[in-house]
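So this one's upload-v5.cif, mmCIF, N, CA and C atoms:
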```cif
data_my_file
#
loop_
_atom_site.group_PDB
_atom_site.id
_atom_site.type_symbol
_atom_site.label_atom_id
_atom_site.label_comp_id
_atom_site.auth_asym_id
_atom_site.auth_seq_id
_atom_site.Cartn_x
_atom_site.Cartn_y
_atom_site.Cartn_z
ATOM 1 N N MET A 1 -7.349 -5.475 -8.813
ATOM 2 C CA MET A 1 -7.713 -6.211 -7.619
ATOM 3 C C MET A 1 -7.132 -5.495 -6.406
ATOM 4 N N THR A 2 -7.947 -5.271 -5.407
ATOM 5 C CA THR A 2 -7.490 -4.578 -4.212
ATOM 6 C C THR A 2 -6.786 -5.563 -3.277
ATOM 7 N N ARG A 3 -5.894 -4.995 -2.475
ATOM 8 C CA ARG A 3 -5.186 -5.801 -1.479
ATOM 9 C C ARG A 3 -5.269 -5.096 -0.138
ATOM 10 N N ALA A 4 -5.195 -5.846 0.924
ATOM 11 C CA ALA A 4 -5.231 -5.282 2.272
ATOM 12 C C ALA A 4 -3.992 -4.423 2.511
ATOM 13 N N ARG A 5 -4.145 -3.373 3.312
ATOM 14 C CA ARG A 5 -3.007 -2.503 3.613
ATOM 15 C C ARG A 5 -1.849 -3.298 4.223
ATOM 16 N N LYS A 6 -2.185 -4.306 5.000
ATOM 17 C CA LYS A 6 -1.155 -5.136 5.617
ATOM 18 C C LYS A 6 -0.238 -5.733 4.554
ATOM 19 N N ALA A 7 -0.786 -6.040 3.397
ATOM 20 C CA ALA A 7 0.012 -6.606 2.307
ATOM 21 C C ALA A 7 0.712 -5.518 1.489
ATOM 22 N N LEU A 8 0.247 -4.272 1.569
ATOM 23 C CA LEU A 8 0.825 -3.181 0.783
ATOM 24 C C LEU A 8 1.984 -2.480 1.490
ATOM 25 N N ILE A 9 1.893 -2.369 2.805
ATOM 26 C CA ILE A 9 2.864 -1.625 3.592
ATOM 27 C C ILE A 9 3.855 -2.592 4.222
ATOM 28 N N ASP A 10 5.124 -2.392 3.914
ATOM 29 C CA ASP A 10 6.184 -3.225 4.479
ATOM 30 C C ASP A 10 7.291 -2.297 4.954
ATOM 31 N N LEU A 11 7.262 -1.956 6.236
ATOM 32 C CA LEU A 11 8.221 -0.995 6.772
ATOM 33 C C LEU A 11 9.648 -1.522 6.789
ATOM 34 N N SER A 12 9.833 -2.827 6.679
ATOM 35 C CA SER A 12 11.195 -3.358 6.614
ATOM 36 C C SER A 12 11.823 -3.067 5.245
ATOM 37 N N SER A 13 10.980 -2.860 4.230
ATOM 38 C CA SER A 13 11.482 -2.522 2.895
ATOM 39 C C SER A 13 11.728 -1.031 2.759
ATOM 40 N N THR A 14 10.738 -0.236 3.126
ATOM 41 C CA THR A 14 10.858 1.220 3.060
ATOM 42 C C THR A 14 9.824 1.847 3.986
ATOM 43 N N SER A 15 10.153 3.012 4.495
ATOM 44 C CA SER A 15 9.192 3.744 5.323
ATOM 45 C C SER A 15 8.562 4.903 4.554
ATOM 46 N N TYR A 16 8.933 5.061 3.271
ATOM 47 C CA TYR A 16 8.398 6.127 2.426
ATOM 48 C C TYR A 16 7.344 5.571 1.469
ATOM 49 N N TYR A 17 6.232 6.304 1.339
ATOM 50 C CA TYR A 17 5.154 5.865 0.453
ATOM 51 C C TYR A 17 4.567 7.054 -0.293
ATOM 52 N N HIS A 18 4.195 6.824 -1.546
ATOM 53 C CA HIS A 18 3.545 7.822 -2.385
ATOM 54 C C HIS A 18 2.054 7.507 -2.391
ATOM 55 N N LEU A 19 1.254 8.463 -1.940
ATOM 56 C CA LEU A 19 -0.191 8.284 -1.838
ATOM 57 C C LEU A 19 -0.895 9.239 -2.786
ATOM 58 N N ILE A 20 -1.981 8.777 -3.374
ATOM 59 C CA ILE A 20 -2.769 9.608 -4.289
ATOM 60 C C ILE A 20 -4.232 9.463 -3.916
ATOM 61 N N ALA A 21 -4.945 10.576 -3.903
ATOM 62 C CA ALA A 21 -6.397 10.557 -3.705
ATOM 63 C C ALA A 21 -7.019 11.415 -4.801
ATOM 64 N N ARG A 22 -8.010 10.861 -5.484
ATOM 65 C CA ARG A 22 -8.650 11.549 -6.608
ATOM 66 C C ARG A 22 -10.134 11.794 -6.331
ATOM 67 N N CYS A 23 -10.659 12.863 -6.927
ATOM 68 C CA CYS A 23 -12.092 13.137 -6.902
ATOM 69 C C CYS A 23 -12.759 12.356 -8.032
ATOM 70 N N VAL A 24 -14.029 12.119 -7.895
ATOM 71 C CA VAL A 24 -14.765 11.373 -8.925
ATOM 72 C C VAL A 24 -15.802 12.272 -9.589
ATOM 73 N N ARG A 25 -16.306 11.836 -10.740
ATOM 74 C CA ARG A 25 -17.395 12.494 -11.471
ATOM 75 C C ARG A 25 -17.144 13.968 -11.762
ATOM 76 N N ARG A 26 -15.946 14.276 -12.213
ATOM 77 C CA ARG A 26 -15.571 15.658 -12.563
ATOM 78 C C ARG A 26 -15.662 16.633 -11.396
ATOM 79 N N ALA A 27 -15.650 16.127 -10.175
ATOM 80 C CA ALA A 27 -15.693 17.000 -9.005
ATOM 81 C C ALA A 27 -14.365 17.732 -8.878
ATOM 82 N N PHE A 28 -14.403 18.933 -8.335
ATOM 83 C CA PHE A 28 -13.205 19.727 -8.178
ATOM 84 C C PHE A 28 -12.786 19.768 -6.729
ATOM 85 N N LEU A 29 -11.509 19.589 -6.507
ATOM 86 C CA LEU A 29 -10.935 19.709 -5.177
ATOM 87 C C LEU A 29 -10.510 21.154 -4.957
ATOM 88 N N CYS A 30 -9.760 21.698 -5.895
ATOM 89 C CA CYS A 30 -9.261 23.074 -5.823
ATOM 90 C C CYS A 30 -9.290 23.686 -7.215
ATOM 91 N N GLY A 31 -9.213 25.014 -7.247
ATOM 92 C CA GLY A 31 -9.173 25.703 -8.531
ATOM 93 C C GLY A 31 -10.558 26.064 -9.029
ATOM 94 N N GLU A 32 -10.611 26.501 -10.263
ATOM 95 C CA GLU A 32 -11.882 26.935 -10.846
ATOM 96 C C GLU A 32 -12.474 25.829 -11.718
ATOM 97 N N ASP A 33 -13.713 25.512 -11.447
ATOM 98 C CA ASP A 33 -14.439 24.495 -12.205
ATOM 99 C C ASP A 33 -14.966 25.147 -13.477
ATOM 100 N N LYS A 34 -14.497 24.686 -14.629
ATOM 101 C CA LYS A 34 -14.905 25.272 -15.909
ATOM 102 C C LYS A 34 -16.390 25.044 -16.198
ATOM 103 N N TYR A 35 -16.946 23.964 -15.667
ATOM 104 C CA TYR A 35 -18.339 23.632 -15.962
ATOM 105 C C TYR A 35 -19.329 24.464 -15.156
ATOM 106 N N THR A 36 -19.001 24.731 -13.877
ATOM 107 C CA THR A 36 -19.928 25.492 -13.030
ATOM 108 C C THR A 36 -19.494 26.932 -12.818
ATOM 109 N N GLY A 37 -18.211 27.223 -13.074
ATOM 110 C CA GLY A 37 -17.692 28.565 -12.853
ATOM 111 C C GLY A 37 -17.347 28.841 -11.398
ATOM 112 N N LYS A 38 -17.529 27.865 -10.522
ATOM 113 C CA LYS A 38 -17.229 28.050 -9.096
ATOM 114 C C LYS A 38 -15.733 27.887 -8.856
ATOM 115 N N ASN A 39 -15.244 28.613 -7.852
ATOM 116 C CA ASN A 39 -13.843 28.538 -7.477
ATOM 117 C C ASN A 39 -13.725 27.832 -6.127
ATOM 118 N N PHE A 40 -12.843 26.841 -6.066
ATOM 119 C CA PHE A 40 -12.690 26.035 -4.864
ATOM 120 C C PHE A 40 -11.295 26.155 -4.253
ATOM 121 N N ASP A 41 -10.616 27.267 -4.489
ATOM 122 C CA ASP A 41 -9.259 27.436 -3.963
ATOM 123 C C ASP A 41 -9.194 27.431 -2.441
ATOM 124 N N HIS A 42 -10.278 27.812 -1.770
ATOM 125 C CA HIS A 42 -10.277 27.828 -0.306
ATOM 126 C C HIS A 42 -10.063 26.428 0.275
ATOM 127 N N ARG A 43 -10.356 25.396 -0.485
ATOM 128 C CA ARG A 43 -10.186 24.022 0.005
ATOM 129 C C ARG A 43 -8.723 23.631 0.147
ATOM 130 N N ARG A 44 -7.848 24.293 -0.579
ATOM 131 C CA ARG A 44 -6.408 23.986 -0.511
ATOM 132 C C ARG A 44 -5.905 24.178 0.922
ATOM 133 N N THR A 45 -6.274 25.284 1.535
ATOM 134 C CA THR A 45 -5.864 25.560 2.918
ATOM 135 C C THR A 45 -6.449 24.524 3.857
ATOM 136 N N TRP A 46 -7.712 24.170 3.654
ATOM 137 C CA TRP A 46 -8.341 23.139 4.490
ATOM 138 C C TRP A 46 -7.550 21.841 4.422
ATOM 139 N N LEU A 47 -7.199 21.445 3.214
ATOM 140 C CA LEU A 47 -6.512 20.178 3.010
ATOM 141 C C LEU A 47 -5.127 20.191 3.653
ATOM 142 N N VAL A 48 -4.385 21.265 3.484
ATOM 143 C CA VAL A 48 -3.050 21.369 4.078
ATOM 144 C C VAL A 48 -3.139 21.279 5.596
ATOM 145 N N GLU A 49 -4.072 21.999 6.193
ATOM 146 C CA GLU A 49 -4.223 21.974 7.648
ATOM 147 C C GLU A 49 -4.640 20.587 8.145
ATOM 148 N N ARG A 50 -5.504 19.928 7.411
ATOM 149 C CA ARG A 50 -5.957 18.588 7.805
ATOM 150 C C ARG A 50 -4.831 17.566 7.715
ATOM 151 N N VAL A 51 -4.031 17.652 6.673
ATOM 152 C CA VAL A 51 -2.896 16.738 6.510
ATOM 153 C C VAL A 51 -1.888 16.952 7.639
ATOM 154 N N LYS A 52 -1.641 18.206 8.022
ATOM 155 C CA LYS A 52 -0.737 18.494 9.143
ATOM 156 C C LYS A 52 -1.242 17.848 10.429
ATOM 157 N N LEU A 53 -2.528 18.008 10.702
ATOM 158 C CA LEU A 53 -3.117 17.427 11.907
ATOM 159 C C LEU A 53 -3.006 15.906 11.897
ATOM 160 N N LEU A 54 -3.406 15.294 10.803
ATOM 161 C CA LEU A 54 -3.405 13.832 10.728
ATOM 162 C C LEU A 54 -1.993 13.257 10.754
ATOM 163 N N SER A 55 -1.019 13.993 10.252
ATOM 164 C CA SER A 55 0.357 13.493 10.294
ATOM 165 C C SER A 55 0.848 13.389 11.737
ATOM 166 N N ARG A 56 0.427 14.309 12.593
ATOM 167 C CA ARG A 56 0.802 14.236 14.007
ATOM 168 C C ARG A 56 0.073 13.096 14.713
ATOM 169 N N VAL A 57 -1.194 12.923 14.402
ATOM 170 C CA VAL A 57 -2.013 11.909 15.058
ATOM 171 C C VAL A 57 -1.548 10.494 14.715
ATOM 172 N N PHE A 58 -1.100 10.276 13.478
ATOM 173 C CA PHE A 58 -0.767 8.932 13.021
ATOM 174 C C PHE A 58 0.734 8.668 12.870
ATOM 175 N N ALA A 59 1.595 9.509 13.444
ATOM 176 C CA ALA A 59 3.053 9.321 13.399
ATOM 177 C C ALA A 59 3.558 9.208 11.963
ATOM 178 N N ILE A 60 3.098 10.124 11.133
ATOM 179 C CA ILE A 60 3.491 10.178 9.728
ATOM 180 C C ILE A 60 4.162 11.525 9.485
ATOM 181 N N GLU A 61 5.281 11.515 8.793
ATOM 182 C CA GLU A 61 5.947 12.758 8.406
ATOM 183 C C GLU A 61 5.682 13.005 6.927
ATOM 184 N N ILE A 62 5.328 14.225 6.592
ATOM 185 C CA ILE A 62 5.056 14.585 5.198
ATOM 186 C C ILE A 62 6.370 15.002 4.555
ATOM 187 N N ALA A 63 6.815 14.228 3.572
ATOM 188 C CA ALA A 63 8.056 14.545 2.863
ATOM 189 C C ALA A 63 7.790 15.529 1.730
ATOM 190 N N ALA A 64 6.640 15.382 1.050
ATOM 191 C CA ALA A 64 6.276 16.276 -0.048
ATOM 192 C C ALA A 64 4.788 16.140 -0.309
ATOM 193 N N TYR A 65 4.214 17.182 -0.910
ATOM 194 C CA TYR A 65 2.808 17.103 -1.305
ATOM 195 C C TYR A 65 2.564 17.992 -2.510
ATOM 196 N N ALA A 66 1.516 17.666 -3.245
ATOM 197 C CA ALA A 66 1.067 18.488 -4.372
ATOM 198 C C ALA A 66 -0.451 18.395 -4.413
ATOM 199 N N ILE A 67 -1.104 19.539 -4.462
ATOM 200 C CA ILE A 67 -2.560 19.586 -4.517
ATOM 201 C C ILE A 67 -2.952 20.091 -5.897
ATOM 202 N N MET A 68 -3.639 19.257 -6.646
ATOM 203 C CA MET A 68 -4.057 19.573 -8.003
ATOM 204 C C MET A 68 -5.554 19.897 -7.997
ATOM 205 N N SER A 69 -6.115 20.164 -9.165
ATOM 206 C CA SER A 69 -7.523 20.562 -9.228
ATOM 207 C C SER A 69 -8.483 19.440 -8.833
ATOM 208 N N ASN A 70 -8.153 18.190 -9.147
ATOM 209 C CA ASN A 70 -9.075 17.102 -8.832
ATOM 210 C C ASN A 70 -8.419 15.941 -8.095
ATOM 211 N N HIS A 71 -7.189 16.136 -7.621
ATOM 212 C CA HIS A 71 -6.521 15.096 -6.846
ATOM 213 C C HIS A 71 -5.337 15.690 -6.088
ATOM 214 N N TYR A 72 -4.779 14.894 -5.187
ATOM 215 C CA TYR A 72 -3.569 15.331 -4.511
ATOM 216 C C TYR A 72 -2.613 14.155 -4.329
ATOM 217 N N HIS A 73 -1.341 14.493 -4.162
ATOM 218 C CA HIS A 73 -0.282 13.520 -3.947
ATOM 219 C C HIS A 73 0.379 13.818 -2.610
ATOM 220 N N LEU A 74 0.723 12.779 -1.874
ATOM 221 C CA LEU A 74 1.512 12.903 -0.658
ATOM 222 C C LEU A 74 2.658 11.913 -0.727
ATOM 223 N N VAL A 75 3.831 12.347 -0.322
ATOM 224 C CA VAL A 75 4.939 11.428 -0.078
ATOM 225 C C VAL A 75 5.134 11.459 1.429
ATOM 226 N N VAL A 76 4.912 10.314 2.059
ATOM 227 C CA VAL A 76 4.946 10.251 3.519
ATOM 228 C C VAL A 76 6.035 9.304 3.996
ATOM 229 N N ASN A 77 6.486 9.569 5.200
ATOM 230 C CA ASN A 77 7.446 8.705 5.874
ATOM 231 C C ASN A 77 6.788 8.231 7.166
ATOM 232 N N VAL A 78 6.682 6.929 7.335
ATOM 233 C CA VAL A 78 6.085 6.362 8.544
ATOM 234 C C VAL A 78 7.140 6.401 9.645
ATOM 235 N N ASN A 79 6.832 7.085 10.734
ATOM 236 C CA ASN A 79 7.751 7.190 11.867
ATOM 237 C C ASN A 79 7.462 6.032 12.823
ATOM 238 N N ARG A 80 8.047 4.900 12.518
ATOM 239 C CA ARG A 80 7.769 3.677 13.274
ATOM 240 C C ARG A 80 8.188 3.807 14.741
ATOM 241 N N GLN A 81 9.337 4.413 14.995
ATOM 242 C CA GLN A 81 9.820 4.544 16.372
ATOM 243 C C GLN A 81 8.850 5.349 17.230
ATOM 244 N N GLN A 82 8.301 6.411 16.677
ATOM 245 C CA GLN A 82 7.334 7.214 17.420
ATOM 246 C C GLN A 82 6.086 6.398 17.721
ATOM 247 N N ALA A 83 5.592 5.683 16.739
ATOM 248 C CA ALA A 83 4.381 4.873 16.928
ATOM 249 C C ALA A 83 4.609 3.771 17.955
ATOM 250 N N LEU A 84 5.764 3.145 17.923
ATOM 251 C CA LEU A 84 6.054 2.074 18.883
ATOM 252 C C LEU A 84 6.231 2.591 20.301
ATOM 253 N N SER A 85 6.576 3.866 20.436
ATOM 254 C CA SER A 85 6.785 4.437 21.773
ATOM 255 C C SER A 85 5.481 4.806 22.481
ATOM 256 N N TRP A 86 4.361 4.798 21.754
ATOM 257 C CA TRP A 86 3.088 5.164 22.355
ATOM 258 C C TRP A 86 2.570 4.066 23.271
ATOM 259 N N SER A 87 1.936 4.496 24.349
ATOM 260 C CA SER A 87 1.295 3.536 25.255
ATOM 261 C C SER A 87 -0.041 3.102 24.672
ATOM 262 N N ASP A 88 -0.650 2.087 25.288
ATOM 263 C CA ASP A 88 -1.968 1.635 24.825
ATOM 264 C C ASP A 88 -2.998 2.761 24.937
ATOM 265 N N ASN A 89 -2.897 3.580 25.988
ATOM 266 C CA ASN A 89 -3.844 4.692 26.150
ATOM 267 C C ASN A 89 -3.659 5.754 25.080
ATOM 268 N N GLU A 90 -2.421 6.022 24.686
ATOM 269 C CA GLU A 90 -2.167 7.004 23.637
ATOM 270 C C GLU A 90 -2.695 6.532 22.287
ATOM 271 N N VAL A 91 -2.568 5.227 22.038
ATOM 272 C CA VAL A 91 -3.068 4.679 20.779
ATOM 273 C C VAL A 91 -4.566 4.788 20.772
#
```

Hey, can you dump this file as structure tokens for me?
Amino acid sequence: MTRARKALIDLSSTSYYHLIARCVRRAFLCGEDKYTGKNFDHRRTWLVERVKLLSRVFAIEIAAYAIMSNHYHLVVNVNRQQALSWSDNEV
């Protein structure tokens, strides 16, 4: 059963969270796909650069990450003080 993010994230308990995103239907994120023979290693750089950008935009610090062939893991720290310091226009 899914729950709203508001119920999942409690910054008073911890500001660190482990996030996982997976590909579906045997799709490959990175590495060599045994079924098609295609190599998707170039996506690793794309993903790292995108995570860096989004971490700045959303006041999130990346504590650790791992990019696997069909999924990735992020350990993030929510920088609450930075987010609270933003004006309405910055948000």

Q: Fewer than 2 positions away in the same chain doesn't count, so skip those; otherwise give me all residues within 6.5 Å of segment 66-79 of chain A, counting only N, CA and C atoms, as a PyMOL selection string.
A: chain A and resi 15-23+27-31+59-64+81-84

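Of note, atom CA of Lys6 of chain A and atom C of Tyr65 of chain A are spaced 24.8 Å apart.
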
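As for atom N of Arg26 of chain A and atom CA of Lys38 of chain A, they are spaced 14.2 Å apart.
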
Q) For the atom pair atom C of Ile9 of chain A and atom C of Phe58 of chain A, what is the interatomic distance in Å to one decimal place? A) 14.5 Å

Q: Once DSSP has gone over the backbone, tell me which residues of chain A are in strand (DSSP E or B), as an MDAnalysis selection string.
A: chainID A and resid 16:22 32 39 60:67 71:78

Q. If you run DSSP on the backbone, which residues of chain A are alpha helix (DSSP H), as a ChimeraX atom specification?
A. /A:5-8,42-57,80-85

How big is the axis-aligned box around all listed atoms of segment 43-53 of chain A once 4 Å goes on each side, and where's its centre, in Å to one decimal, as lines of an AutoDock Vina configuration file?
```
center_x = -5.5
center_y = 20.7
center_z = 5.7
size_x = 17.6
size_y = 17.7
size_z = 20.5
```
